[in-house]
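Data block for data-v2.txt (compact mmCIF, C-alpha atoms):
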# COMPACT_ATOMS: atom_id res chain seq x y z
CA MET A 272 -24.20 -14.93 -31.09
CA LYS A 273 -25.05 -12.37 -28.40
CA PHE A 274 -27.41 -13.29 -25.57
CA SER A 275 -29.09 -10.70 -23.38
CA ASP A 276 -29.15 -11.06 -19.60
CA GLU A 277 -32.89 -11.63 -19.87
CA THR A 278 -32.38 -14.53 -22.25
CA LEU A 279 -29.74 -16.07 -19.98
CA LYS A 280 -31.95 -15.64 -16.90
CA ALA A 281 -34.86 -17.26 -18.73
CA TYR A 282 -32.57 -20.19 -19.51
CA LEU A 283 -31.43 -20.47 -15.90
CA GLU A 284 -35.02 -20.40 -14.68
CA GLY A 285 -36.02 -23.13 -17.13
CA ASN A 286 -38.14 -20.75 -19.18
CA ALA A 287 -36.09 -20.65 -22.40
CA ASN A 288 -37.46 -22.57 -25.36
CA VAL A 289 -35.64 -25.62 -26.63
CA ALA A 290 -33.90 -23.82 -29.50
CA GLU A 291 -32.68 -20.99 -27.26
CA ALA A 292 -31.44 -23.41 -24.62
CA ALA A 293 -29.56 -25.43 -27.24
CA ALA A 294 -28.03 -22.26 -28.71
CA ILE A 295 -26.84 -21.08 -25.29
CA GLU A 296 -25.39 -24.48 -24.37
CA ALA A 297 -23.59 -24.72 -27.71
CA ALA A 298 -22.18 -21.19 -27.39
CA VAL A 299 -20.88 -21.79 -23.85
CA GLU A 300 -18.72 -24.66 -25.13
CA THR A 301 -16.50 -22.24 -27.01
CA ASP A 302 -17.06 -19.02 -25.06
CA PRO A 303 -15.61 -18.89 -21.53
CA ALA A 304 -16.79 -15.28 -21.12
CA LEU A 305 -20.39 -16.31 -21.75
CA GLU A 306 -19.91 -19.17 -19.30
CA GLN A 307 -18.79 -16.69 -16.62
CA ARG A 308 -21.80 -14.44 -17.29
CA LEU A 309 -24.18 -17.37 -17.08
CA MET A 310 -22.62 -18.57 -13.82
CA GLY A 311 -22.87 -15.05 -12.38
CA LEU A 312 -26.58 -14.81 -13.17
CA ASP A 313 -27.51 -18.20 -11.72
CA PRO A 314 -30.05 -17.50 -8.95
CA LEU A 315 -29.56 -20.87 -7.29
CA ALA A 316 -25.78 -20.83 -6.90
CA PRO A 317 -25.59 -18.33 -3.99
CA VAL A 318 -28.44 -20.08 -2.15
CA VAL A 319 -26.87 -23.53 -2.34
CA HIS A 320 -23.44 -22.07 -1.61
CA SER A 321 -24.63 -20.36 1.57
CA VAL A 322 -26.24 -23.57 2.84
CA PHE A 323 -23.16 -25.73 2.28
CA GLU A 324 -20.25 -23.36 2.84
CA ASN A 325 -20.09 -23.96 6.58
CA ILE A 326 -20.39 -27.72 6.34
CA PRO A 327 -18.52 -29.23 8.04
CA ALA A 328 -18.37 -26.65 10.82
CA ASP A 329 -14.96 -27.79 12.08
CA ALA A 330 -11.92 -28.91 10.12
CA PRO A 331 -12.20 -32.67 9.71
CA GLN A 332 -9.68 -34.94 11.41
CA ILE A 333 -7.08 -36.53 9.16
CA GLU A 334 -4.33 -38.91 10.19
CA LEU A 335 -1.36 -38.58 7.87
CA PRO A 336 1.71 -40.77 7.97
CA GLU A 337 4.93 -38.91 8.85
CA SER A 338 6.77 -40.37 5.90
CA VAL A 339 5.22 -41.89 2.87
CA PRO A 340 6.10 -45.14 1.12
CA VAL A 341 7.31 -44.83 -2.44
CA TYR A 342 4.31 -45.76 -4.53
CA ALA A 343 4.50 -47.55 -7.87
CA ALA A 344 8.22 -47.35 -8.54
CA GLN A 345 9.03 -45.63 -11.81
CA THR A 346 10.10 -47.73 -14.73
CA SER A 347 13.82 -48.29 -14.47
CA GLY A 348 15.62 -45.81 -16.69
CA GLY A 349 18.31 -48.21 -17.79
CA LEU A 350 16.01 -51.04 -18.78
CA TRP A 351 13.60 -48.63 -20.39
CA ARG A 352 16.32 -47.01 -22.48
CA LEU A 353 17.56 -50.41 -23.59
CA MET A 354 14.05 -51.39 -24.61
CA ALA A 355 13.60 -48.08 -26.38
CA VAL A 356 16.76 -48.59 -28.41
CA ALA A 357 15.82 -52.17 -29.24
CA ALA A 358 12.29 -51.15 -30.13
CA SER A 359 13.31 -48.28 -32.34
CA VAL A 360 15.89 -50.37 -34.19
CA ALA A 361 13.39 -53.17 -34.71
CA VAL A 362 10.52 -50.91 -35.62
CA VAL A 363 12.46 -48.83 -38.09
CA ALA A 364 13.43 -52.03 -39.87
CA VAL A 365 9.96 -53.46 -39.79
CA SER A 366 7.95 -50.36 -40.50
CA ALA A 367 9.08 -50.01 -44.13
CA THR A 368 7.79 -53.44 -45.12
CA PHE A 369 4.83 -53.04 -42.79
CA TRP A 370 3.70 -49.90 -44.55
CA ALA A 371 4.29 -51.28 -48.02
CA THR A 372 2.09 -54.29 -47.42
CA ARG A 373 -0.49 -53.01 -44.97
CA PRO A 374 -3.97 -53.35 -46.46
CA GLU A 375 -6.22 -52.10 -43.66
CA PRO A 376 -7.09 -48.41 -43.06
CA MET A 377 -4.69 -46.40 -40.93
CA GLY A 378 -5.34 -45.79 -37.27
CA TRP A 379 -5.37 -42.37 -35.64
CA ALA A 380 -1.77 -42.68 -34.42
CA GLU A 381 -0.42 -43.38 -37.89
CA GLN A 382 -2.41 -40.49 -39.35
CA ALA A 383 -1.22 -38.16 -36.61
CA ALA A 384 2.42 -39.19 -37.11
CA ILE A 385 2.21 -38.63 -40.85
CA TYR A 386 0.58 -35.25 -40.34
CA GLN A 387 3.20 -34.28 -37.77
CA SER A 388 6.06 -35.44 -40.02
CA LEU A 389 5.04 -32.68 -42.47
CA TYR A 390 5.79 -30.02 -39.83
CA SER A 391 9.00 -28.03 -40.19
CA PRO A 392 10.52 -25.38 -37.89
CA ASP A 393 8.90 -22.75 -40.14
CA THR A 394 5.44 -24.22 -39.48
CA ILE A 395 5.63 -23.29 -35.82
CA ALA A 396 7.98 -20.30 -35.90
CA SER A 397 5.23 -17.71 -36.29
CA LEU A 398 2.45 -19.25 -34.20
CA ASP A 399 0.80 -16.97 -31.64
CA SER A 400 1.73 -18.65 -28.37
CA SER A 401 0.84 -15.80 -26.05
CA PRO A 402 -0.71 -16.89 -22.71
CA ALA A 403 -4.10 -15.52 -23.83
CA ALA A 404 -4.01 -17.45 -27.12
CA LEU A 405 -2.92 -20.65 -25.40
CA ASP A 406 -5.56 -20.33 -22.65
CA ALA A 407 -8.29 -19.92 -25.26
CA GLN A 408 -6.96 -22.84 -27.34
CA PHE A 409 -6.78 -25.10 -24.30
CA ALA A 410 -10.27 -24.13 -23.12
CA GLN A 411 -11.71 -25.03 -26.52
CA ALA A 412 -9.67 -28.19 -26.85
CA GLU A 413 -10.62 -29.38 -23.35
CA ALA A 414 -14.29 -28.69 -24.05
CA GLN A 415 -14.10 -30.80 -27.21
CA LEU A 416 -12.14 -33.54 -25.54
CA GLY A 417 -14.14 -33.65 -22.32
CA ARG A 418 -11.10 -33.81 -20.08
CA SER A 419 -8.29 -31.62 -18.80
CA LEU A 420 -5.14 -31.32 -20.87
CA ASN A 421 -3.10 -30.32 -17.81
CA GLN A 422 -1.90 -27.13 -19.47
CA ASP A 423 0.24 -26.27 -16.42
CA ALA A 424 2.23 -29.47 -16.82
CA LEU A 425 2.58 -29.08 -20.59
CA GLU A 426 3.94 -25.56 -20.13
CA VAL A 427 6.89 -26.81 -18.11
CA LEU A 428 7.91 -29.94 -20.01
CA PRO A 429 11.72 -29.98 -19.89
CA GLY A 430 13.40 -28.58 -22.99
CA LEU A 431 10.11 -27.81 -24.77
CA GLU A 432 8.31 -24.58 -25.42
CA LEU A 433 4.51 -24.82 -25.73
CA LYS A 434 3.36 -23.37 -29.06
CA ARG A 435 -0.25 -24.27 -29.76
CA ALA A 436 -3.19 -26.59 -29.01
CA GLN A 437 -5.23 -27.45 -32.08
CA ILE A 438 -8.50 -29.33 -32.49
CA LEU A 439 -8.42 -32.04 -35.15
CA SER A 440 -10.80 -34.90 -35.75
CA PHE A 441 -10.36 -38.56 -36.63
CA LYS A 442 -13.44 -40.52 -37.71
CA GLY A 443 -15.67 -38.13 -35.82
CA LYS A 444 -13.62 -38.32 -32.61
CA PRO A 445 -11.98 -35.18 -31.24
CA LEU A 446 -8.20 -35.35 -31.62
CA ILE A 447 -6.17 -32.64 -29.91
CA GLN A 448 -2.67 -31.87 -31.15
CA VAL A 449 -0.46 -29.85 -28.79
CA VAL A 450 2.65 -28.58 -30.57
CA PHE A 451 5.98 -27.74 -28.94
CA ALA A 452 9.32 -26.38 -30.12
CA ASP A 453 12.54 -27.89 -28.82
CA ASP A 454 15.59 -25.74 -28.17
CA GLN A 455 16.54 -26.01 -31.87
CA GLY A 456 13.05 -24.83 -32.90
CA GLN A 457 12.18 -28.33 -34.13
CA PRO A 458 8.49 -29.28 -33.84
CA LEU A 459 7.26 -31.99 -31.47
CA ALA A 460 3.67 -32.87 -30.65
CA PHE A 461 1.54 -34.46 -27.95
CA CYS A 462 -1.81 -35.77 -29.16
CA VAL A 463 -4.86 -36.92 -27.22
CA ILE A 464 -7.92 -38.59 -28.77
CA ARG A 465 -11.19 -39.46 -27.06
CA GLN A 466 -11.80 -43.10 -27.86
CA GLY A 467 -14.82 -43.56 -25.65
CA GLU A 468 -15.55 -45.63 -22.58
CA GLY A 469 -14.59 -49.25 -22.93
CA ALA A 470 -11.68 -48.60 -25.28
CA PRO A 471 -8.89 -50.99 -24.29
CA ALA A 472 -6.00 -49.64 -22.19
CA LYS A 473 -2.62 -50.05 -23.85
CA ASP A 474 0.87 -49.87 -22.39
CA VAL A 475 3.38 -47.43 -23.80
CA LYS A 476 4.56 -48.51 -27.23
CA LEU A 477 7.52 -46.88 -28.97
CA ALA A 478 7.68 -46.79 -32.75
CA ALA A 479 9.16 -44.78 -35.59
CA ILE A 480 6.35 -43.89 -37.95
CA SER A 481 6.71 -41.82 -41.10
CA GLY A 482 10.25 -40.87 -40.12
CA VAL A 483 9.48 -39.63 -36.60
CA ALA A 484 9.88 -41.26 -33.20
CA THR A 485 6.56 -41.86 -31.45
CA ALA A 486 5.23 -43.22 -28.18
CA THR A 487 1.58 -44.24 -27.87
CA TRP A 488 -0.53 -45.48 -25.02
CA ALA A 489 -4.21 -45.63 -24.06
CA GLN A 490 -6.03 -45.44 -20.77
CA ASP A 491 -9.54 -44.73 -19.45
CA GLY A 492 -11.08 -44.15 -22.87
CA TYR A 493 -8.38 -41.81 -24.20
CA GLY A 494 -5.48 -42.48 -26.54
CA TYR A 495 -2.20 -40.57 -26.14
CA MET A 496 0.74 -40.05 -28.46
CA LEU A 497 4.02 -38.20 -28.16
CA ILE A 498 5.71 -37.46 -31.48
CA GLY A 499 9.33 -36.38 -31.96
CA SER A 500 10.81 -34.29 -34.73
CA SER A 501 12.88 -37.14 -36.18
CA GLU A 502 13.53 -40.84 -35.68
CA GLN A 503 16.36 -39.93 -33.32
CA THR A 504 14.32 -37.77 -30.92
CA ASP A 505 14.72 -39.02 -27.33
CA LEU A 506 11.21 -38.78 -25.90
CA GLN A 507 11.95 -40.47 -22.59
CA GLN A 508 12.12 -37.48 -20.27
CA GLN A 509 8.85 -36.00 -21.51
CA LEU A 510 7.23 -39.42 -21.70
CA ASP A 511 7.88 -40.09 -18.01
CA ILE A 512 6.15 -36.86 -17.08
CA LEU A 513 3.22 -37.26 -19.47
CA THR A 514 2.41 -40.84 -18.51
CA ALA A 515 2.36 -39.77 -14.84
CA THR A 516 0.37 -36.60 -15.54
CA PHE A 517 -2.25 -38.33 -17.65
CA ALA A 518 -2.61 -41.41 -15.45
CA GLY A 519 -6.27 -41.81 -14.60
CA MET B 123 21.62 -15.38 -35.02
CA SER B 124 20.58 -12.35 -33.04
CA VAL B 125 16.97 -13.03 -34.06
CA LEU B 126 17.14 -16.37 -32.32
CA THR B 127 18.48 -15.03 -29.06
CA PRO B 128 15.21 -14.38 -27.23
CA ARG B 129 13.97 -17.91 -27.76
CA VAL B 130 17.26 -19.42 -26.73
CA ARG B 131 17.15 -17.36 -23.58
CA SER B 132 13.58 -18.40 -22.81
CA VAL B 133 14.48 -22.04 -23.25
CA GLU B 134 17.50 -21.60 -21.03
CA SER B 135 15.47 -20.03 -18.29
CA LYS B 136 12.93 -22.83 -18.57
CA HIS B 137 15.76 -25.34 -18.18
CA THR B 138 16.94 -23.49 -15.13
CA GLN B 139 13.52 -23.57 -13.52
CA VAL B 140 13.17 -27.27 -14.17
CA ALA B 141 16.63 -27.93 -12.83
CA ILE B 142 15.91 -26.08 -9.60
CA TYR B 143 12.62 -27.91 -9.23
CA SER B 144 14.09 -31.32 -9.89
CA MET B 145 16.90 -30.89 -7.38
CA SER B 146 14.46 -31.74 -4.59
CA PRO B 147 11.18 -32.77 -6.20
CA GLU B 148 10.32 -35.20 -3.38
CA ILE B 149 10.41 -32.54 -0.71
CA ASN B 150 8.63 -29.92 -2.78
CA SER B 151 5.78 -32.01 -4.03
CA GLU B 152 5.27 -33.80 -0.71
CA GLN B 153 5.15 -30.52 1.16
CA ALA B 154 2.81 -29.08 -1.45
CA VAL B 155 0.46 -32.04 -1.10
CA ARG B 156 0.50 -31.82 2.72
CA GLY B 157 -0.30 -28.13 2.44
CA ALA B 158 -3.10 -28.74 -0.04
CA ILE B 159 -4.63 -31.35 2.26
CA GLN B 160 -4.75 -28.85 5.12
CA THR B 161 -6.15 -26.10 2.91
CA HIS B 162 -8.78 -28.14 1.13
CA SER B 163 -9.85 -30.73 3.71
CA LYS B 164 -13.31 -29.18 4.17
CA ARG B 165 -13.93 -29.07 0.43
CA VAL B 166 -12.90 -32.69 -0.03
CA TRP B 167 -15.03 -33.77 2.95
CA ARG B 168 -18.00 -31.85 1.54
CA PHE B 169 -17.50 -33.47 -1.87
CA GLY B 170 -17.32 -36.85 -0.13
CA LEU B 171 -20.62 -36.03 1.56
CA ALA B 172 -22.17 -35.05 -1.78
CA LEU B 173 -20.98 -38.30 -3.36
CA SER B 174 -21.92 -40.64 -0.56
CA GLY B 175 -24.74 -38.85 1.26
CA ALA B 176 -23.31 -39.92 4.63
CA SER B 177 -20.95 -38.05 6.94
CA ASP B 178 -19.17 -41.18 8.20
CA VAL B 179 -18.43 -42.22 4.61
CA ALA B 180 -17.24 -38.64 3.92
CA ASP B 181 -14.81 -39.04 6.87
CA ASP B 182 -13.45 -42.26 5.37
CA LEU B 183 -13.26 -40.81 1.87
CA LEU B 184 -11.31 -37.78 3.08
CA GLN B 185 -8.88 -39.95 5.03
CA SER B 186 -8.31 -42.32 2.10
CA THR B 187 -7.97 -39.43 -0.34
CA CYS B 188 -5.28 -37.75 1.74
CA VAL B 189 -3.27 -40.92 2.22
CA ARG B 190 -3.53 -41.74 -1.48
CA ALA B 191 -2.54 -38.20 -2.47
CA LEU B 192 0.55 -38.36 -0.27
CA GLU B 193 1.53 -41.73 -1.75
CA ARG B 194 1.28 -40.16 -5.19
CA HIS B 195 2.88 -36.81 -4.43
CA HIS B 196 5.59 -37.50 -7.00
CA GLN B 197 2.90 -37.36 -9.71
CA VAL B 198 2.39 -33.71 -8.95
CA THR B 199 3.98 -31.76 -11.79
CA SER B 200 2.26 -28.46 -11.10
CA LEU B 201 1.69 -26.91 -7.74
CA GLU B 202 -1.50 -25.26 -8.97
CA ARG B 203 -4.90 -26.93 -9.06
CA LEU B 204 -4.07 -29.40 -6.34
CA ASP B 205 -7.64 -28.93 -5.09
CA SER B 206 -9.15 -30.45 -8.24
CA TRP B 207 -6.50 -33.18 -8.12
CA LEU B 208 -7.65 -34.08 -4.59
CA MET B 209 -11.29 -34.02 -5.74
CA THR B 210 -10.44 -36.37 -8.60
CA ILE B 211 -8.73 -38.81 -6.23
CA CYS B 212 -11.68 -38.63 -3.83
CA ARG B 213 -14.16 -39.39 -6.59
CA SER B 214 -12.03 -42.19 -7.96
CA ILE B 215 -11.86 -43.85 -4.53
CA TRP B 216 -15.62 -43.42 -4.15
CA LEU B 217 -16.40 -44.94 -7.55
CA ASN B 218 -13.89 -47.77 -7.45
CA GLU B 219 -13.68 -48.76 -3.82
CA VAL B 220 -16.49 -47.42 -1.66
CA ARG B 221 -19.61 -46.83 -3.70
CA ALA B 222 -20.88 -50.39 -3.99
CA ARG B 223 -20.90 -51.00 -0.24
CA SER B 224 -22.21 -47.55 0.65
CA VAL B 225 -25.11 -47.08 -1.74
CA ARG B 226 -27.70 -48.90 0.33
CA LYS B 227 -26.70 -46.90 3.37
CA ALA B 228 -26.83 -43.62 1.42
CA GLN B 229 -30.32 -44.39 0.18
CA ALA B 230 -31.49 -44.98 3.71
CA LEU B 231 -29.92 -41.70 4.78
CA SER B 232 -31.43 -39.72 1.96
CA VAL B 233 -34.83 -40.26 3.55
CA THR B 234 -33.66 -38.64 6.79
CA PRO B 235 -30.76 -36.40 5.79
CA GLU B 236 -28.33 -35.27 8.39
CA ALA B 237 -30.02 -32.03 9.28
CA GLU B 238 -27.77 -31.66 12.33
CA LEU B 239 -25.03 -30.72 9.89
CA ILE B 240 -26.81 -27.41 9.32
CA ALA B 241 -25.48 -24.78 11.69
CA THR B 242 -28.20 -23.66 14.05
CA GLY B 243 -28.66 -19.93 14.34
CA PRO B 244 -31.17 -17.62 16.02
CA ASP B 245 -33.44 -17.35 12.99
CA SER B 246 -35.48 -20.53 12.91
CA GLU B 247 -37.14 -19.74 9.58
CA THR B 248 -33.72 -19.40 7.95
CA ASN B 249 -32.72 -22.71 9.51
CA ILE B 250 -35.80 -24.44 8.20
CA PHE B 251 -35.12 -23.08 4.73
CA ALA B 252 -31.44 -24.12 4.87
CA ALA B 253 -32.43 -27.60 5.98
CA GLU B 254 -34.92 -27.80 3.13
CA VAL B 255 -32.31 -26.78 0.54
CA PHE B 256 -29.82 -29.23 2.06
CA THR B 257 -32.39 -32.04 1.88
CA GLN B 258 -33.36 -31.25 -1.70
CA VAL B 259 -29.74 -31.11 -2.88
CA MET B 260 -28.89 -34.38 -1.14
CA GLN B 261 -31.92 -36.06 -2.72
CA LEU B 262 -30.79 -35.20 -6.25
CA PRO B 263 -29.45 -38.12 -8.29
CA GLU B 264 -25.73 -38.64 -7.71
CA ALA B 265 -24.57 -37.17 -11.04
CA GLN B 266 -26.59 -33.99 -10.50
CA ARG B 267 -25.55 -33.80 -6.84
CA GLU B 268 -21.81 -33.94 -7.53
CA THR B 269 -22.19 -31.39 -10.33
CA VAL B 270 -24.22 -28.99 -8.17
CA MET B 271 -21.63 -29.34 -5.44
CA LEU B 272 -18.64 -28.58 -7.67
CA VAL B 273 -20.24 -25.65 -9.51
CA PHE B 274 -22.51 -23.98 -6.96
CA VAL B 275 -20.64 -24.68 -3.75
CA GLU B 276 -16.98 -25.05 -4.76
CA GLY B 277 -17.16 -22.50 -7.58
CA TYR B 278 -15.57 -24.56 -10.36
CA SER B 279 -16.48 -23.35 -13.85
CA TYR B 280 -18.55 -25.59 -16.10
CA ARG B 281 -15.47 -26.55 -18.09
CA GLU B 282 -13.37 -27.21 -15.00
CA THR B 283 -16.16 -29.40 -13.66
CA ALA B 284 -16.45 -31.15 -17.02
CA ALA B 285 -12.73 -31.92 -16.93
CA LEU B 286 -12.87 -33.10 -13.33
CA LEU B 287 -15.84 -35.42 -13.95
CA GLU B 288 -14.58 -36.38 -17.43
CA VAL B 289 -17.83 -35.58 -19.23
CA PRO B 290 -18.59 -33.02 -21.96
CA ILE B 291 -19.43 -29.49 -20.87
CA GLY B 292 -22.95 -29.91 -22.33
CA THR B 293 -23.57 -32.72 -19.86
CA ILE B 294 -22.64 -30.42 -16.98
CA MET B 295 -25.10 -27.81 -18.21
CA SER B 296 -27.96 -30.26 -18.66
CA ARG B 297 -27.33 -31.76 -15.20
CA LEU B 298 -27.51 -28.28 -13.71
CA SER B 299 -30.73 -27.53 -15.66
CA ASN B 300 -32.31 -30.69 -14.32
CA ALA B 301 -31.17 -29.90 -10.79
CA ARG B 302 -32.57 -26.35 -11.08
CA GLN B 303 -35.94 -27.75 -12.08
CA LYS B 304 -36.02 -29.97 -9.00
CA LEU B 305 -34.84 -27.21 -6.66
CA LYS B 306 -37.26 -24.69 -8.12
CA ASN B 307 -40.05 -25.68 -5.76
CA VAL B 308 -37.94 -24.88 -2.71
CA MET B 309 -37.09 -21.50 -4.16
CA GLN B 310 -40.68 -20.64 -5.01
CA HIS B 311 -41.77 -21.76 -1.58
CA ASP B 312 -39.16 -19.51 -0.06
CA ALA B 313 -40.24 -16.57 -2.23
CA ALA B 314 -43.84 -17.10 -1.18
CA ASP B 315 -42.76 -17.18 2.50
CA ALA B 316 -40.86 -13.95 2.04
CA VAL B 317 -43.90 -12.25 0.51
CA ARG B 318 -46.11 -13.53 3.33
CA ARG B 319 -43.64 -12.33 5.97
CA SER B 320 -43.31 -8.89 4.44
CA GLY B 321 -47.11 -8.60 4.25
CA LYS B 322 -47.83 -9.30 7.91
Conversion result in C-alpha cells:
Amino acid sequence: MKFSDETLKAYLEGNANVAEAAAIEAAVETDPALEQRLMGLDPLAPVVHSVFENIPADAPQIELPESVPVYAAQTSGGLWRLMAVAASVAVVAVSATFWATRPEPMGWAEQAAIYQSLYSPDTIASLDSSPAALDAQFAQAEAQLGRSLNQDALEVLPGLELKRAQILSFKGKPLIQVVFADDQGQPLAFCVIRQGEGAPAKDVKLAAISGVATATWAQDGYGYMLIGSSEQTDLQQQLDILTATFAG
Amino acid sequence: MSVLTPRVRSVESKHTQVAIYSMSPEINSEQAVRGAIQTHSKRVWRFGLALSGASDVADDLLQSTCVRALERHHQVTSLERLDSWLMTICRSIWLNEVRARSVRKAQALSVTPEAELIATGPDSETNIFAAEVFTQVMQLPEAQRETVMLVFVEGYSYRETAALLEVPIGTIMSRLSNARQKLKNVMQHDAADAVRRSGK
C-alpha cells in the first residue's frame, strides 16, 4: 500500500484514524523504505535531537583496566568433543526407538530438523543470496522475531556461505530458518524461535534427529538450533561462535 | 567442475579472512572494544541518563558498561555495530543490577530534572524551550523514554531499536506515538511563542 506524505504526517501528529494508523504500523514492519520516510517526516525527532545532542557537554570520565581478566572461560574443546561424540553415539542409538514409540506431539526442534533433512544441495544452489536480498530477508525476519539475528556474524561463520533467511511458523510462533552452504554445497541451517518471556533456559544439547546432527539451546525467551547436513556434521566451531553471539 | 569454481574460490577467500582474523582475535577485538568505548562514551552516558534519570547513575552505568564490555571483548564477532552492543550491555546492567536501587532516586529527580545539563547560550528563550523539552522527555515513562532516546537522539531505526530492546517493531511505534502525544503540548506552546514573537 502507498501512503502519501500527508497521511504519514497526520499519523505522526496523532491525527490519523485508527485504521490508517494500524495500516501504517503494519506496513512499516515489512517495508524499511517506508520506515525511513516516516522517520524523516517526524517533526519531533530534530527537536529532541537538538536538545540532547550536546549532553553531556564533555566526554565522560572512564577508568579502564590496562589488561582485562579472561571472562567466563570457554568450554574446553577436548572435553566438549568427547561429550559430543558420546552424545551423538548414544542419541543415534536411542533416537530410533524414541521416535517409534513417542506418543506426544513433536516440538519445534524436531519439526525443524525433519524439514531441514529434506534439503539437498539443489534446494539451495539457486537461491538469490545477493546482499540486497539477504538484507531484506533479515530485516523481515528480525521484525517478525523481535530481536537481532546478528547478520554480520552469520555472514562470516567459518566454512559456511550464507544463503537465505526464511520466516516459518510453529504453533503461531515465528520461527526463522537461516540456511548456509558448506564448502561442498551441502545445506546447513540455524533456526531461532521466539518462545516468549518465561520460557525456560536450556543448555546446549546435541542430538541426531531425522538423520542430521543438531544442537539446541534456549535462553531469554528464544530457542536456538543449529542443524548439520548429515549425522556426521561437526557443528562445534560454528556452535562456539553462535552460543557466544546469541548470549543474552 | 568449472561451474563450481567461483563458489570454491569464495569459500576459500572466506576461510582466509577468518584465518587472518583468528590469528590474533584477542588483540583485535580488545582494541576494537577500547576504540568503541572512546567513540561512543557520550551516547552510552546519555542512554544511561535516559534509563536512570540521574547523571550520577549514568556515570556509574557508563563505567560498568565499559568494564563489562572489555571483559567480554572475545564475544565480539563483528567489528560493526559495537555501539548497539554497548547500549545493550548498558541496559542489561541497568535492568539487572542498578534499577531496583535507583528508581526511588530517579522519581525524586524527575520532579526537578537536572536543568544544568542544558548548555546555556545567549538566547534565553531557546534555553527555556530546551529545558522544557528536556523535562518533558525525562518525565516520560521509562519504556517511552528509552525508545525516544534511541530513535530521536541516537538515530537508530525502528527495527534496530526493536532488536536492541527485544520488543516487536509495533511496540516501538506505539511507544513513540504515545510519547509524541505527551510532547505535543510543548511543541504547540513553542509554536504559539514563535507566532507571538513574530507578531510583536
Near chain A, meaning an atom within 6 Å, which residues of chain B appear when counting all atoms listed in the file? Write them as a ChimeraX atom specification.
/B:185,193,197,199-200,252,274-275,285,288-290
Could you work out how far CA of Arg281 in chain B lies from CA of Ala380 in chain A, giving the answer in Å with one decimal?
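Taking CA of Ala380 in chain A as the start and CA of Arg281 in chain B as the end point, the length is 26.7 Å.
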Identify, on the basis of only C-alpha atoms, every residue whose closest approach to Ile447 in chain A does not exceed 9 Å; exclude the query and any residue fewer than 2 positions from it along the same chain; express the result as a list in words.
Ala412, Glu413, Gln415, Leu416, Ala436, Gln437, Ile438, Leu439, Ser440, Pro445, Val449, Phe461, Cys462, Val463, Ile464 and Arg465 of chain A
Give me, please, the distance in Å between CA of Pro402 in chain A and CA of Gln509 in chain A, quoted to one decimal.
21.4 Å
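Of the listed residues B:Leu305, B:Cys188, B:Val220, B:Leu201, the one whose atoms come nearest to Val166 in chain B is B:Cys188, with distances taken using all atoms listed in the file.
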Neighbouring residues of Ile215 in chain B were defined as those with any atom within 10 Å, considering only C-alpha atoms; residues of the same chain fewer than 2 positions away were excluded. Please report them as a list in words.
Gly170, Leu183, Leu184, Ser186, Thr187, Arg190, Met209, Thr210, Ile211, Cys212, Arg213, Leu217, Asn218, Glu219, Val220 and Arg221 of chain B
Rounded to one decimal in Å, what is the spacing between CA of Thr394 in chain A and CA of Asp406 in chain A?
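Computing it gives 20.5 Å between the two atoms.
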Pick out the closest residue to Leu208 in chain B from this set: B:Lys306, B:Ser151, B:Trp167, B:Val255. Count all atoms listed in the file.
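Counting all atoms listed in the file, the residue closest to Leu208 in chain B is B:Trp167.
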Who sits within 8 Å of Gln258 in chain B, only C-alpha atoms, same chain under 4 positions skipped, as a ChimeraX atom specification
/B:254,262,304-305,308
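Each of B:Met260, B:Met295, B:Ala284, B:Ala265 was checked against Leu309 in chain A using all atoms listed in the file; the smallest atom-to-atom distance is that of B:Met295.
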Of the candidates B:Gln160, B:Asn150, B:Ser214, B:Ser174, which shows the shortest atom-to-atom distance to His195 in chain B, using only C-alpha atoms?
B:Asn150
Contacts of range 270-272 of chain B at 9 Å or less, counting all atoms listed in the file, minus same-chain residues fewer than 4 places along, as a PDB file with C-alpha atoms, in the frame of the given file?
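Heads up, here's the output in part_7.pdb:
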ATOM      1  CA  ALA A 316     -25.780 -20.830  -6.900  1.00  0.00           C
ATOM      2  CA  VAL A 319     -26.870 -23.530  -2.340  1.00  0.00           C
ATOM      3  CA  HIS A 320     -23.440 -22.070  -1.610  1.00  0.00           C
ATOM      4  CA  PHE A 323     -23.160 -25.730   2.280  1.00  0.00           C
TER       5      PHE A 323
ATOM      6  CA  ARG B 168     -18.000 -31.850   1.540  1.00  0.00           C
ATOM      7  CA  PHE B 169     -17.500 -33.470  -1.870  1.00  0.00           C
ATOM      8  CA  ALA B 172     -22.170 -35.050  -1.780  1.00  0.00           C
ATOM      9  CA  VAL B 259     -29.740 -31.110  -2.880  1.00  0.00           C
ATOM     10  CA  ALA B 265     -24.570 -37.170 -11.040  1.00  0.00           C
ATOM     11  CA  GLN B 266     -26.590 -33.990 -10.500  1.00  0.00           C
ATOM     12  CA  GLU B 276     -16.980 -25.050  -4.760  1.00  0.00           C
ATOM     13  CA  GLY B 277     -17.160 -22.500  -7.580  1.00  0.00           C
ATOM     14  CA  TYR B 278     -15.570 -24.560 -10.360  1.00  0.00           C
ATOM     15  CA  SER B 279     -16.480 -23.350 -13.850  1.00  0.00           C
ATOM     16  CA  TYR B 280     -18.550 -25.590 -16.100  1.00  0.00           C
ATOM     17  CA  THR B 283     -16.160 -29.400 -13.660  1.00  0.00           C
ATOM     18  CA  ARG B 297     -27.330 -31.760 -15.200  1.00  0.00           C
ATOM     19  CA  LEU B 298     -27.510 -28.280 -13.710  1.00  0.00           C
ATOM     20  CA  ALA B 301     -31.170 -29.900 -10.790  1.00  0.00           C
TER      21      ALA B 301
END
Spatial neighbours of range 384-388 of chain A, max dist 7 Å, all atoms listed in the file, sep filter under 6 positions, as a list in words
Ile480, Ser481, Gly482, Val483 and Ile498 of chain A
